[in-house]
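Q: Right, I'll just put the structure down here and ask away after.
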Amino acid sequence: MPNNVPFKKKQRAKIRSKRVSLSKHEKKVAGQQLYKQIVTSPEFLRSQHIAFYLANDGEIDPTLIIQKAWSMGKVCYLPVLNPLSYSSLSFVKYKADTYLRKNRFNIPEPDLIRQHIRHPWALDLVFTPLVGFDNKGHRLGMGGGFYDRTFAFKLRNKCRKPLLVGLAYDFQKLDTLQTDAWDIRLEKVATEKAFYAF
């Protein structure tokens, strides 16, 4: 077990606890402020195929941004656990009337319908959930490594697409975050207070 695992575990537990303890009002206000950061950004405006997530475990909620994307005619996607590759994600088209079922982590996701899937490399923009981030764009996730494995091609092939943007509360920014060679860095992180570029 790598030396940084206990440290990451401690950081993860501390931030998740703070995130879950936010009031409904605090979460709503943060979601509205995040919306303002995102919807006028060039990254959002120029993207047509955008992957989102549904807030879980106290994560900052991108629902307002999803609704705006729909109203602008953008195509939205949600991550779905890939049954053929236990540790990676597929991205499935998501509309207002899409039927959702809970996966093994109790997170709602669309059915894996082949004609609704978009390859990760064919997305323009991916908004990722995260537990923590640092000032170099390193991301602390929930520990499953799903996003790292799904977007490993960016590291291997030095791909610019898709743009990976983390969404978080500002208190999730960390001074130090221990990293591993396989970690996929984010290009940007948007919070309710700022839009960080790395």
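Chains: A, B, ... in order of the structure tokens. Residues: from 1 per chain. Ligands: from 1, in order shown.
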Check region 8-161 of chain A with DSSP on the backbone and list each residue it calls helix (DSSP H, G or I), as a PyMOL selection string.
A: chain A and resi 8-20+24-39+42-45+63-71+114-116+120-122+146-150+152-157
Q: Could you give me, as a list of chain:residue names, the residues within 7 Å of region 41-48 of chain A, counting only C-alpha atoms and dropping anything in the same chain fewer than 6 positions from it?
A: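 The contact residues come out as A:Lys74, A:Val75, A:Asp124, A:Leu125.
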Q: Out of A:Leu123, A:Ser90, A:Arg185, A:Asp57, which residue has the shortest atom-to-atom distance to Val20 (chain A) when counting only C-alpha atoms?
A: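 Checking each candidate against Val20 (chain A), we get A:Asp57 as the closest.
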Q: Could you pull the residues within 9 Å of region 168-178 of chain A, counting only C-alpha atoms, minus those fewer than 5 positions along the same chain, as a ChimeraX atom specification?
A: /A:4-5,7-8,11,15,18-19,30,34,59-61,128-135,138-140,189-194
Q: Excluding Tyr99 (chain A) and its own-chain neighbours fewer than 2 positions away, which residues fall within 12 Å of it when counting only C-alpha atoms? Please give them as a PyMOL selection string.
A: chain A and resi 78+92-97+101-102+108-113
Q: Which one is closest to Ile50 (chain A): A:Leu22, A:Ala152, A:Ile38, A:Ile66? Count only C-alpha atoms.
A: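 Using only C-alpha atoms, the shortest distance to Ile50 (chain A) belongs to A:Ile66.
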Q: How far is it from CA of Thr63 (chain A) to CA of Ala51 (chain A), in Å with one decimal?
A: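 One can read the CA of Thr63 (chain A) to CA of Ala51 (chain A) distance as 12.2 Å.
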Q: Distance CA of Cys76 (chain A)-CA of Phe52 (chain A), one decimal place?
A: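 Interatomic distance, CA of Cys76 (chain A) to CA of Phe52 (chain A): 7.0 Å.
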Q: Determine the nearest neighbour of Phe153 (chain A) from the options A:Pro120, A:Pro6, A:Gly141, A:Gly166, counting only C-alpha atoms.
A: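 Result for the nearest residue to Phe153 (chain A): A:Pro120.
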Q: Give me, as a VMD selection string, the residues of region 15-164 of chain A that a backbone DSSP run labels strand (DSSP E or B).
A: chain A and resid 49 to 51 75 to 81 89 to 93 100 to 102 108 to 110 117 to 118 125 to 128 132 to 133 139 to 140 163 to 164
Q: Using C-alpha atoms, can you write the selected residues to a file as a PDB file, in the first residue's frame?
A:
ATOM      1  CA  HIS A  49     -21.153  17.775 -25.917  1.00  0.00           C
ATOM      2  CA  ILE A  50     -20.832  18.154 -22.141  1.00  0.00           C
ATOM      3  CA  ALA A  51     -20.603  15.516 -19.414  1.00  0.00           C
ATOM      4  CA  VAL A  75     -26.077  17.670 -25.547  1.00  0.00           C
ATOM      5  CA  CYS A  76     -25.599  16.517 -21.949  1.00  0.00           C
ATOM      6  CA  TYR A  77     -24.226  13.206 -20.680  1.00  0.00           C
ATOM      7  CA  LEU A  78     -23.908  11.433 -17.347  1.00  0.00           C
ATOM      8  CA  PRO A  79     -21.241   8.937 -16.287  1.00  0.00           C
ATOM      9  CA  VAL A  80     -22.360   5.312 -16.103  1.00  0.00           C
ATOM     10  CA  LEU A  81     -20.341   2.481 -14.569  1.00  0.00           C
ATOM     11  CA  LEU A  89     -16.962   5.046 -17.046  1.00  0.00           C
ATOM     12  CA  SER A  90     -19.159   5.324 -20.106  1.00  0.00           C
ATOM     13  CA  PHE A  91     -20.995   8.557 -20.895  1.00  0.00           C
ATOM     14  CA  VAL A  92     -24.678   8.334 -21.773  1.00  0.00           C
ATOM     15  CA  LYS A  93     -26.968  11.022 -23.183  1.00  0.00           C
ATOM     16  CA  LEU A 100     -32.474   6.853 -14.064  1.00  0.00           C
ATOM     17  CA  ARG A 101     -31.708   3.839 -11.886  1.00  0.00           C
ATOM     18  CA  LYS A 102     -29.315   3.622  -8.940  1.00  0.00           C
ATOM     19  CA  PRO A 108     -28.657   7.504 -10.209  1.00  0.00           C
ATOM     20  CA  GLU A 109     -27.510   6.841 -13.763  1.00  0.00           C
ATOM     21  CA  PRO A 110     -29.163   6.321 -17.172  1.00  0.00           C
ATOM     22  CA  ILE A 117     -23.189   6.528 -25.591  1.00  0.00           C
ATOM     23  CA  ARG A 118     -20.465   9.017 -26.469  1.00  0.00           C
ATOM     24  CA  LEU A 125     -16.115  19.306 -21.798  1.00  0.00           C
ATOM     25  CA  VAL A 126     -16.344  17.102 -18.703  1.00  0.00           C
ATOM     26  CA  PHE A 127     -17.420  18.484 -15.346  1.00  0.00           C
ATOM     27  CA  THR A 128     -16.038  16.131 -12.716  1.00  0.00           C
ATOM     28  CA  GLY A 132     -10.206  17.966  -3.074  1.00  0.00           C
ATOM     29  CA  PHE A 133      -7.896  19.794  -5.475  1.00  0.00           C
ATOM     30  CA  ARG A 139      -7.706  15.971  -8.095  1.00  0.00           C
ATOM     31  CA  LEU A 140      -8.573  13.963  -5.006  1.00  0.00           C
ATOM     32  CA  LEU A 163     -11.415  19.709 -21.268  1.00  0.00           C
ATOM     33  CA  LEU A 164     -11.609  18.410 -17.682  1.00  0.00           C
TER      34      LEU A 164
END
Q: Between A:Ser23, A:Arg114, A:Ser85, A:Leu167, which one has atoms that come closest to Phe146 (chain A), using only C-alpha atoms?
A: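 Counting only C-alpha atoms, the residue closest to Phe146 (chain A) is A:Ser85.
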Q: Please identify all polymer residues within 6 Å of Phe198 (chain A), counting only C-alpha atoms, omitting same-chain residues fewer than 5 positions from it, and present them as a ChimeraX atom specification.
A: /A:136-137,187-188
Q: Would you list the contacts of Lys154 (chain A) as a list of chain:residue names, taking every protein, DNA or RNA residue within 12 Å and counting only C-alpha atoms, but skipping same-chain residues closer than 4 positions in sequence?
A: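 Close residues of Lys154 (chain A): A:Pro120, A:Trp121, A:Ala122, A:Tyr147, A:Asp148, A:Arg149, A:Thr150, A:Lys158, A:Cys159, A:Arg160, A:Lys161, A:Pro162, A:Leu163, A:Leu164, A:Trp182, A:Asp183, A:Ile184, A:Arg185, A:Leu186, A:Glu187.
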Q: Just C-alpha atoms for this one: save the residues we selected as an mmCIF file, in the first residue's frame.
A:
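The file below, selection_30.cif, is the result:
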data_model
loop_
_atom_site.group_PDB
_atom_site.id
_atom_site.type_symbol
_atom_site.label_atom_id
_atom_site.label_comp_id
_atom_site.auth_asym_id
_atom_site.auth_seq_id
_atom_site.Cartn_x
_atom_site.Cartn_y
_atom_site.Cartn_z
ATOM 1 C CA PRO A 120 -14.857 9.977 -23.604
ATOM 2 C CA TRP A 121 -12.476 11.343 -26.260
ATOM 3 C CA ALA A 122 -15.455 12.684 -28.264
ATOM 4 C CA TYR A 147 -12.062 9.179 -13.810
ATOM 5 C CA ASP A 148 -8.306 8.478 -13.833
ATOM 6 C CA ARG A 149 -8.780 5.221 -15.750
ATOM 7 C CA THR A 150 -11.429 6.616 -18.099
ATOM 8 C CA LYS A 158 -1.236 14.125 -24.635
ATOM 9 C CA CYS A 159 -4.795 14.836 -25.825
ATOM 10 C CA ARG A 160 -6.327 18.262 -25.338
ATOM 11 C CA LYS A 161 -9.882 16.949 -25.579
ATOM 12 C CA PRO A 162 -12.000 16.763 -23.591
ATOM 13 C CA LEU A 163 -11.415 19.709 -21.268
ATOM 14 C CA LEU A 164 -11.609 18.410 -17.682
ATOM 15 C CA TRP A 182 -1.499 7.691 -12.967
ATOM 16 C CA ASP A 183 -3.480 10.674 -11.626
ATOM 17 C CA ILE A 184 -5.152 12.700 -14.369
ATOM 18 C CA ARG A 185 -4.856 16.422 -13.779
ATOM 19 C CA LEU A 186 -7.709 18.849 -14.281
ATOM 20 C CA GLU A 187 -7.279 21.818 -16.600
#
